[in-house]
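**Q** Below are the structure tokens for one structure; questions will follow.
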Amino acid sequence: MRKSKEQVDLRALKLLAWYDACRRDLPWRAAQGKKPDVYAVWLSEIMLQQTGVATVAAYYRKFLGLWPRVEDLAAAPVENVMQAWAGLGYYSRARNLHACAKKVVAEFGGVFPAEEADLRGLPGIGPYTAAAIVAIAFGRRAIVVDGNIERFAARLMALETPLPAGKKEIFAFVESLTPQHRAGDFAQAGMDFGATLCTPRNPDCANCRLRDDCAGYATGRPEDFPRKAAKKPRPLRRGAVFYLRREDGAVLTRTRPPRGLLGGMVEFCGTDWRAERAPDWALRQWSKGALAAPKAGENWRHAGDIDHIFTHFALKLTVFVGSSPQKSPTPSEYRWLNEFEMRVAALPSVMRKVEECARAHLAASDLSGARNSS
């Protein structure tokens, strides 16, 4: 049974009124009164998973410039897609993005399906993304709960159940608020509201139209919601990585397997990453000659350590730099990338940190050598 306008929850009407006056101008968002581009909505929603708006905007424009239609993206080599994605993180999204584009073209003639069930059958599209596409791109009622909506809903309810256990209650609450009409605007209103007013810290309650309806505000401590279960400590893994530079400036790299962490991305050679290693593990192993550095390297030196945070663990890599003669053989499964190729290579952020560490060490060594020779 459809809700009439009179049956729409007053809080939903207030939120929509706020959105009409204060909506954000985002590159993938259709102007008021204009029909959304389904491809733009899908592309932005995939990119926005676990990533903020400010970071996504530049990548979104780059992708749209390279591949303005889903057919263009489907026809692109997956290596090019991974390269364009480099630095955005969560790289399985890029592989799924490309696979999804190919499936939409092959099975749906380049037209995204409008049903949540069909969308969820596509690579990289889960319940949230399917609901967001249905609501925003197709204007149909779907229950959309992202992190921003989750937060302001928990505060409206003063939800005591900590996350993630409280997610079911939040979903049911948002479902009770979501109107039959303007469901896409309602979802985007919730996203904008949480991002600009109902922020994680220091929410702007003074300018909130929903303040009088907010049980969290009534407690005097709205920022205490949503409550969260205590996080488990993030384990620390350690490893070593080797940055090998040839006389002409080319660097030795390899491509990771297509599946798994950082799948399909470019990396420097190195050890595996393990949690049980002592802080000085790499240097002790190095002093004993127990680290398998590339055979082509000469004059290996310790350049320093880099730290990187993944979702489920922290990583500390000890970086070694070495030089290689111009005509030295290329180790199996590796390739040399010149300076231009390195700039555009699909290096994940952790490997860019390794590169920065190695280049800083080499620059300092070159400067020291120049001073000693003068």
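To be explicit about the labels: the chains of the structure tokens are called A, B, and onward in the order shown, and within each one the residues are counted from 1, while ligands get numbers from 1 in the order they are shown.
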From range 72-278 of chain A, collect each residue whose DSSP state is helix (DSSP H, G or I) and return the set as a ChimeraX atom specification.
**A** /A:72-75,78-85,92-108,116-120,127-138,147-157,167-177,183-196,205-207,211-213,215-218,222-224
**Q** Compile the contact shell of Leu16 in chain A as an NGL selection string: residues with an atom at most 9 Å away, counting only C-alpha atoms, same-chain residues fewer than 3 positions apart removed.
**A** :A and (11-13 or 19-21 or 182 or 185-186 or 189-190)
**Q** With distances taken over only C-alpha atoms, which residue among A:Ser328, A:Val38, A:Gln285, A:Glu175 lies nearest Leu119 in chain A?
**A** A:Val38
**Q** Just want the 12 Å neighbourhood of range 167-171 of chain A, counted on only C-alpha atoms, with same-chain residues fewer than 5 positions away dropped. Output as number ranges by chain.
**A** A: 127-128, 142-162, 176-178, 225-228
**Q** Write the residues you've just listed into a file as a PDB file, in the first residue's frame, and include C-alpha atoms for each of them.
**A**
ATOM      1  CA  PRO A 127      22.547  -4.799  -0.697  1.00  0.00           C
ATOM      2  CA  TYR A 128      23.454  -1.196   0.122  1.00  0.00           C
ATOM      3  CA  ALA A 142      14.484   1.390  -1.530  1.00  0.00           C
ATOM      4  CA  ILE A 143      15.949   1.465   1.954  1.00  0.00           C
ATOM      5  CA  VAL A 144      19.385   3.077   1.833  1.00  0.00           C
ATOM      6  CA  VAL A 145      21.568   3.063   4.954  1.00  0.00           C
ATOM      7  CA  ASP A 146      25.137   4.274   4.611  1.00  0.00           C
ATOM      8  CA  GLY A 147      27.405   5.383   7.465  1.00  0.00           C
ATOM      9  CA  ASN A 148      26.010   8.915   7.534  1.00  0.00           C
ATOM     10  CA  ILE A 149      22.394   7.763   7.563  1.00  0.00           C
ATOM     11  CA  GLU A 150      23.220   5.147  10.165  1.00  0.00           C
ATOM     12  CA  ARG A 151      24.657   7.809  12.453  1.00  0.00           C
ATOM     13  CA  PHE A 152      21.825  10.327  12.293  1.00  0.00           C
ATOM     14  CA  ALA A 153      19.211   7.558  12.585  1.00  0.00           C
ATOM     15  CA  ALA A 154      20.909   6.182  15.709  1.00  0.00           C
ATOM     16  CA  ARG A 155      20.878   9.678  17.199  1.00  0.00           C
ATOM     17  CA  LEU A 156      17.232  10.298  16.348  1.00  0.00           C
ATOM     18  CA  MET A 157      16.445   7.044  18.143  1.00  0.00           C
ATOM     19  CA  ALA A 158      19.053   7.424  20.909  1.00  0.00           C
ATOM     20  CA  LEU A 159      19.813   3.811  20.065  1.00  0.00           C
ATOM     21  CA  GLU A 160      21.402   2.026  23.018  1.00  0.00           C
ATOM     22  CA  THR A 161      22.241  -1.186  21.154  1.00  0.00           C
ATOM     23  CA  PRO A 162      25.866  -0.879  20.057  1.00  0.00           C
ATOM     24  CA  SER A 176       9.706   3.534   8.583  1.00  0.00           C
ATOM     25  CA  LEU A 177      10.910   7.001   7.549  1.00  0.00           C
ATOM     26  CA  THR A 178      11.572   6.410   3.837  1.00  0.00           C
ATOM     27  CA  PHE A 225      25.382   7.723  19.441  1.00  0.00           C
ATOM     28  CA  PRO A 226      25.673   5.369  17.739  1.00  0.00           C
ATOM     29  CA  ARG A 227      27.285   3.321  20.462  1.00  0.00           C
ATOM     30  CA  LYS A 228      29.971   0.976  19.228  1.00  0.00           C
TER      31      LYS A 228
END
**Q** Would you kindly return, as a PyMOL selection string, each protein, DNA or RNA residue with an atom no farther than 10 Å from any atom of Tyr91 in chain A, considering only C-alpha atoms and excluding same-chain residues fewer than 4 positions away?
**A** chain A and resi 82+85-87+95-97+259-265+348
**Q** Name all residues at most 12 Å from Lys103 in chain A (count only C-alpha atoms; drop same-chain ones fewer than 2 positions away) and give them as a list in words.
**A**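 Surrounding residues, per the criterion: Val70, Glu71, Leu73, Ala74, Ala75, Asn96, Leu97, His98, Ala99, Cys100, Ala101, Val105, Ala106, Glu107, Phe108, Gly109, Gly110, Val111, Phe112, Pro113, Asp118, Leu119, Gly121, Leu122, Pro123 and Gly124 of chain A.
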**Q** Those residues with C-alpha atoms, as an mmCIF file, in the first residue's frame please?
**A**
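Output (part_33.cif):
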data_model
loop_
_atom_site.group_PDB
_atom_site.id
_atom_site.type_symbol
_atom_site.label_atom_id
_atom_site.label_comp_id
_atom_site.auth_asym_id
_atom_site.auth_seq_id
_atom_site.Cartn_x
_atom_site.Cartn_y
_atom_site.Cartn_z
ATOM 1 C CA VAL A 70 29.628 1.746 -19.428
ATOM 2 C CA GLU A 71 30.437 0.319 -22.864
ATOM 3 C CA LEU A 73 34.667 0.907 -19.431
ATOM 4 C CA ALA A 74 33.762 -2.656 -20.402
ATOM 5 C CA ALA A 75 35.988 -2.460 -23.491
ATOM 6 C CA ASN A 96 34.615 -5.787 -9.745
ATOM 7 C CA LEU A 97 33.884 -2.443 -11.413
ATOM 8 C CA HIS A 98 35.370 -3.681 -14.660
ATOM 9 C CA ALA A 99 33.697 -7.097 -14.374
ATOM 10 C CA CYS A 100 30.354 -5.440 -13.658
ATOM 11 C CA ALA A 101 30.643 -3.174 -16.692
ATOM 12 C CA VAL A 105 27.083 -4.814 -21.567
ATOM 13 C CA ALA A 106 27.059 -8.554 -22.294
ATOM 14 C CA GLU A 107 23.858 -9.528 -20.483
ATOM 15 C CA PHE A 108 21.823 -6.315 -20.280
ATOM 16 C CA GLY A 109 22.790 -4.556 -23.496
ATOM 17 C CA GLY A 110 24.588 -1.773 -21.647
ATOM 18 C CA VAL A 111 21.501 -0.862 -19.595
ATOM 19 C CA PHE A 112 21.669 -1.270 -15.821
ATOM 20 C CA PRO A 113 18.755 -3.305 -14.417
ATOM 21 C CA ASP A 118 19.179 -8.096 -10.541
ATOM 22 C CA LEU A 119 21.655 -5.466 -9.407
ATOM 23 C CA GLY A 121 23.703 -10.323 -9.066
ATOM 24 C CA LEU A 122 26.320 -8.036 -10.596
ATOM 25 C CA PRO A 123 29.977 -8.052 -9.434
ATOM 26 C CA GLY A 124 30.735 -5.619 -6.628
#
**Q** Can you check which residues of range 210-292 of chain A DSSP gives as strand (DSSP E) on the backbone and send them as a list of chain:residue names?
**A**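 Those residues are A:Leu236, A:Arg237, A:Arg238, A:Gly239, A:Ala240, A:Val241, A:Phe242, A:Tyr243, A:Leu244, A:Arg245, A:Arg246, A:Val251, A:Leu252, A:Thr253, A:Arg254, A:Thr255, A:Val266, A:Glu267, A:Cys269, A:Gly270.
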**Q** Store the residues picked out above, limited to C-alpha atoms, as a PDB file, in the first residue's frame.
**A**
ATOM      1  CA  LEU A 236      50.774  -5.774  13.251  1.00  0.00           C
ATOM      2  CA  ARG A 237      52.464  -7.626  10.416  1.00  0.00           C
ATOM      3  CA  ARG A 238      56.061  -7.147   9.303  1.00  0.00           C
ATOM      4  CA  GLY A 239      57.987  -7.765   6.124  1.00  0.00           C
ATOM      5  CA  ALA A 240      60.849  -6.557   3.959  1.00  0.00           C
ATOM      6  CA  VAL A 241      60.748  -4.994   0.492  1.00  0.00           C
ATOM      7  CA  PHE A 242      63.491  -4.450  -2.081  1.00  0.00           C
ATOM      8  CA  TYR A 243      63.661  -1.391  -4.318  1.00  0.00           C
ATOM      9  CA  LEU A 244      66.102  -2.239  -7.105  1.00  0.00           C
ATOM     10  CA  ARG A 245      67.110   0.530  -9.512  1.00  0.00           C
ATOM     11  CA  ARG A 246      68.971  -0.080 -12.748  1.00  0.00           C
ATOM     12  CA  VAL A 251      62.982  -0.075 -11.288  1.00  0.00           C
ATOM     13  CA  LEU A 252      62.294  -3.804 -10.879  1.00  0.00           C
ATOM     14  CA  THR A 253      58.595  -4.613 -10.287  1.00  0.00           C
ATOM     15  CA  ARG A 254      56.126  -7.459 -10.487  1.00  0.00           C
ATOM     16  CA  THR A 255      52.327  -7.791 -10.650  1.00  0.00           C
ATOM     17  CA  VAL A 266      52.126  -3.542  -9.192  1.00  0.00           C
ATOM     18  CA  GLU A 267      54.634  -4.025  -6.356  1.00  0.00           C
ATOM     19  CA  CYS A 269      59.771  -7.613  -4.737  1.00  0.00           C
ATOM     20  CA  GLY A 270      59.830  -8.543  -1.092  1.00  0.00           C
TER      21      GLY A 270
END
**Q** Using CA of His312 in chain A and CA of Ala293 in chain A as the two end points, give the distance in Å to one decimal.
**A**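 Pair CA of His312 in chain A / CA of Ala293 in chain A returns 27.6 Å.
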**Q** Report, in Å to a single decimal, how far apart CA of Gly65 in chain A and CA of Arg335 in chain A are.
**A**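 We find that CA of Arg335 in chain A and CA of Gly65 in chain A lie 29.2 Å from each other.
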**Q** Which residues are close to Arg61 in chain A, i.e. within 12 Å by only C-alpha atoms, leaving aside same-chain residues fewer than 2 positions away? Reply as a PyMOL selection string.
**A** chain A and resi 26-28+40+43-44+47+54-59+63-68+84-85
**Q** Grab the CA of Ala30 in chain A to CA of Met191 in chain A distance for me, in Å with one decimal place.
**A**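 CA of Met191 in chain A lies at a distance of 15.0 Å from CA of Ala30 in chain A.
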